Amino acid sequence: MVTAYDFTMARLLDEGGADILLVGDSLGMVVQGHPTTLPVTVDEICYHGRAVARGARRAHVVGDMPFMSFQVSAEKALENAGKLMKEGSFESVKLEGGVDIAEHVFRIVAAGIPVMGHVGLTPQSVHAMGGFKVQGKGEDAAERVLRDAQALEEAGAYAIVLEAIPPDLAATITAQVSVPTIGIGAGAACDGQVLVCYDLLGMFRELSPKFAKRFAEIGDQIVEATAAYVAEVQEREFPGPEHAFKPNGDGQSIRTH
Ligand code: KIV
């Protein structure tokens, strides 16, 4: 699973073999430049969802339910999950939380909307957690994360994201729940893995989580390509004759394919 926020990236990630594209509320940080995910709205998730759905040919597309779109009540959660499906073109929704929102998950699933859970470090609770910190350390904390995952399974979640927890705990949860776990900073025992696409591609330079392996350095390539473009424009090397239209060529298409 990889996050995606627009058509072009979704097309490329899908072609690369990602099975699930998540329109994560991480867009608040990597697309909008906020310090947390809290300002993201349902309408913004829907806007990006429509673009990603047009780009996905094969991958399943999941929409993140943003902060305060599902916490208030099961009714509000169901209403907003429905909005994501109708207006965001999603095939399922993802919610952060465990025992406390299990009833909300149950109601959404009962309405025919598949739900992915998310436990451990839940970034929407960043202030309650005292920062973006590893969760489930120590026996009591580990027990709480396990109970959260089990509550989601019982409520009908079809998969559960495990974020920033010790690998042993992730392995225990993966063994104890019957639905697939998807890890991020949770070790290799999870059934699947998820990364923010800008981390995977080496494009987000403001923050570099320990768990986020950069499989490419596209950020450097973007900077280099832009510098080359600027230099060629300044030297009048670009555009060259091959980029110009013929003076008598009526009806020439500007497209190359
Ligand atoms: O918002 C997001 O991108 C996420 C993933 C990191 C799991 O929730």
# chains A, B, ... in the order shown; residues from 1 in each chain; ligands from 1
>>> residues_around(residues="range 54-63 of chain A", least_positions_apart="5", cutoff="6 Å", atoms="only C-alpha atoms", output="mmCIF file with N, CA, C and O atoms, in the first residue's frame")
data_model
loop_
_atom_site.group_PDB
_atom_site.id
_atom_site.type_symbol
_atom_site.label_atom_id
_atom_site.label_comp_id
_atom_site.auth_asym_id
_atom_site.auth_seq_id
_atom_site.Cartn_x
_atom_site.Cartn_y
_atom_site.Cartn_z
ATOM 1 N N PHE A 7 -3.751 12.263 -9.831
ATOM 2 C CA PHE A 7 -3.916 11.342 -10.966
ATOM 3 C C PHE A 7 -2.585 10.766 -11.445
ATOM 4 O O PHE A 7 -2.417 9.555 -11.580
ATOM 5 N N ALA A 10 -0.892 8.455 -8.967
ATOM 6 C CA ALA A 10 -1.680 7.228 -8.819
ATOM 7 C C ALA A 10 -1.412 6.294 -9.996
ATOM 8 O O ALA A 10 -1.227 5.078 -9.824
ATOM 9 N N ARG A 11 -1.374 6.850 -11.204
ATOM 10 C CA ARG A 11 -1.125 6.029 -12.405
ATOM 11 C C ARG A 11 0.229 5.332 -12.304
ATOM 12 O O ARG A 11 0.385 4.152 -12.590
ATOM 13 N N ASP A 14 0.336 2.692 -9.396
ATOM 14 C CA ASP A 14 -0.460 1.544 -9.816
ATOM 15 C C ASP A 14 0.352 0.699 -10.795
ATOM 16 O O ASP A 14 0.444 -0.527 -10.663
ATOM 17 N N ASP A 19 -0.828 -2.452 -4.571
ATOM 18 C CA ASP A 19 -2.161 -3.071 -4.556
ATOM 19 C C ASP A 19 -3.224 -2.129 -4.016
ATOM 20 O O ASP A 19 -4.392 -2.233 -4.373
ATOM 21 N N ILE A 20 -2.806 -1.244 -3.111
ATOM 22 C CA ILE A 20 -3.759 -0.311 -2.490
ATOM 23 C C ILE A 20 -3.176 1.090 -2.552
ATOM 24 O O ILE A 20 -1.999 1.302 -2.231
ATOM 25 N N LEU A 21 -3.991 2.049 -2.979
ATOM 26 C CA LEU A 21 -3.607 3.468 -2.941
ATOM 27 C C LEU A 21 -4.443 4.126 -1.856
ATOM 28 O O LEU A 21 -5.678 4.060 -1.884
ATOM 29 N N LEU A 22 -3.759 4.742 -0.898
ATOM 30 C CA LEU A 22 -4.447 5.416 0.211
ATOM 31 C C LEU A 22 -4.362 6.922 0.025
ATOM 32 O O LEU A 22 -3.260 7.476 -0.059
ATOM 33 N N VAL A 23 -5.522 7.561 -0.063
ATOM 34 C CA VAL A 23 -5.529 9.023 -0.015
ATOM 35 C C VAL A 23 -5.520 9.371 1.471
ATOM 36 O O VAL A 23 -6.565 9.455 2.117
ATOM 37 N N PHE A 90 -14.201 6.586 -3.543
ATOM 38 C CA PHE A 90 -13.407 5.576 -2.840
ATOM 39 C C PHE A 90 -14.103 4.221 -2.842
ATOM 40 O O PHE A 90 -15.316 4.129 -3.022
ATOM 41 N N GLU A 91 -13.285 3.193 -2.592
ATOM 42 C CA GLU A 91 -13.810 1.832 -2.501
ATOM 43 C C GLU A 91 -13.867 1.356 -1.056
ATOM 44 O O GLU A 91 -14.493 0.330 -0.748
ATOM 45 N N SER A 92 -13.185 2.067 -0.183
ATOM 46 C CA SER A 92 -13.283 1.801 1.261
ATOM 47 C C SER A 92 -12.765 3.031 1.999
ATOM 48 O O SER A 92 -12.212 3.948 1.375
ATOM 49 N N VAL A 93 -12.954 3.038 3.330
ATOM 50 C CA VAL A 93 -12.482 4.179 4.129
ATOM 51 C C VAL A 93 -11.571 3.669 5.236
ATOM 52 O O VAL A 93 -11.639 2.504 5.616
#
>>> residues_near_ligand(ligand="ligand 1", cutoff="7 Å", atoms="only C-alpha atoms and all ligand atoms", output="PyMOL selection string")
chain A and resi 3+22-27+64+161+184+194-196
>>> select_by_dssp(residues="range 34-231 of chain A", states="helix (DSSP H, G or I)", output="PyMOL selection string")
chain A and resi 42-55+74-87+99-110+123-125+139-155+167-176+197-200+218-231
>>> residues_around(residues="range 78-87 of chain A", least_positions_apart="4", cutoff="10 Å", atoms="only C-alpha atoms", output="JSON, numbers by chain")
{"A": [42, 43, 45, 46, 47, 49, 50, 62, 63, 64, 65, 66, 68, 69, 70, 73, 74, 91, 92, 93, 94, 95, 104, 105, 106, 107, 108, 109, 110, 111, 112, 113, 114, 115]}
>>> select_by_dssp(residues="range 56-102 of chain A", states="strand (DSSP E)", output="PyMOL selection string")
chain A and resi 60-64+92-94
>>> residues_around(residues="Ala171 in chain A", least_positions_apart="3", cutoff="6 Å", atoms="only C-alpha atoms", output="list of chain:residue names")
A:Asp168, A:Thr174, A:Ala189
>>> closest_residue(among="A:Ala227, A:Leu169, A:Val177, A:Ala141", to="Gly156 in chain A", atoms="only C-alpha atoms")
A:Val177
>>> residues_around(residues="Ser178 in chain A", least_positions_apart="5", cutoff="12 Å", atoms="only C-alpha atoms", output="count of residues only")
14
>>> closest_residue(among="A:Ala53, A:Leu146, A:Met129, A:Met29", to="Thr8 in chain A", atoms="only C-alpha atoms")
A:Ala53
>>> closest_residue(among="A:Leu162, A:Val31, A:Lys137, A:Gly17", to="Met203 in chain A", atoms="only C-alpha atoms")
A:Val31
>>> atom_distance(atom1="CA of Val72 in chain A", atom2="CA of Leu38 in chain A")
14.8 Å
>>> residues_around(residues="Phe211 in chain A", least_positions_apart="3", cutoff="10 Å", atoms="only C-alpha atoms", output="list in words")
Glu163, Ala164, Ile184, Gly185, Ala186, Gly187, Leu195, Asp199, Ser208 and Arg214 of chain A
>>> write_last_selection(atoms="N, CA, C and O atoms", output="mmCIF file, in the first residue's frame")
data_model
loop_
_atom_site.group_PDB
_atom_site.id
_atom_site.type_symbol
_atom_site.label_atom_id
_atom_site.label_comp_id
_atom_site.auth_asym_id
_atom_site.auth_seq_id
_atom_site.Cartn_x
_atom_site.Cartn_y
_atom_site.Cartn_z
ATOM 1 N N GLU A 163 0.820 1.336 13.148
ATOM 2 C CA GLU A 163 1.834 2.387 12.930
ATOM 3 C C GLU A 163 2.716 2.564 14.168
ATOM 4 O O GLU A 163 2.223 2.730 15.298
ATOM 5 N N ALA A 164 4.022 2.593 13.925
ATOM 6 C CA ALA A 164 5.033 2.928 14.939
ATOM 7 C C ALA A 164 4.843 2.182 16.253
ATOM 8 O O ALA A 164 4.622 2.782 17.306
ATOM 9 N N ILE A 184 3.551 0.221 9.247
ATOM 10 C CA ILE A 184 4.384 1.388 8.909
ATOM 11 C C ILE A 184 5.172 1.673 10.190
ATOM 12 O O ILE A 184 4.597 2.058 11.204
ATOM 13 N N GLY A 185 6.452 1.387 10.153
ATOM 14 C CA GLY A 185 7.248 1.487 11.364
ATOM 15 C C GLY A 185 6.841 0.423 12.368
ATOM 16 O O GLY A 185 6.827 0.667 13.573
ATOM 17 N N ALA A 186 6.501 -0.763 11.896
ATOM 18 C CA ALA A 186 6.029 -1.831 12.782
ATOM 19 C C ALA A 186 6.705 -3.169 12.458
ATOM 20 O O ALA A 186 6.212 -4.215 12.873
ATOM 21 N N GLY A 187 7.794 -3.140 11.735
ATOM 22 C CA GLY A 187 8.546 -4.371 11.463
ATOM 23 C C GLY A 187 8.004 -5.165 10.290
ATOM 24 O O GLY A 187 6.979 -4.827 9.689
ATOM 25 N N LEU A 195 3.699 3.030 2.880
ATOM 26 C CA LEU A 195 4.577 4.203 2.997
ATOM 27 C C LEU A 195 3.894 5.398 2.342
ATOM 28 O O LEU A 195 3.094 5.237 1.415
ATOM 29 N N ASP A 199 7.762 9.951 0.771
ATOM 30 C CA ASP A 199 8.881 9.382 1.533
ATOM 31 C C ASP A 199 9.565 8.304 0.689
ATOM 32 O O ASP A 199 10.785 8.291 0.540
ATOM 33 N N SER A 208 11.948 13.266 8.072
ATOM 34 C CA SER A 208 12.356 11.964 7.534
ATOM 35 C C SER A 208 12.220 10.899 8.615
ATOM 36 O O SER A 208 13.151 10.655 9.380
ATOM 37 N N ARG A 214 13.822 5.475 1.699
ATOM 38 C CA ARG A 214 13.694 6.198 0.427
ATOM 39 C C ARG A 214 14.198 5.284 -0.675
ATOM 40 O O ARG A 214 15.383 4.977 -0.739
#
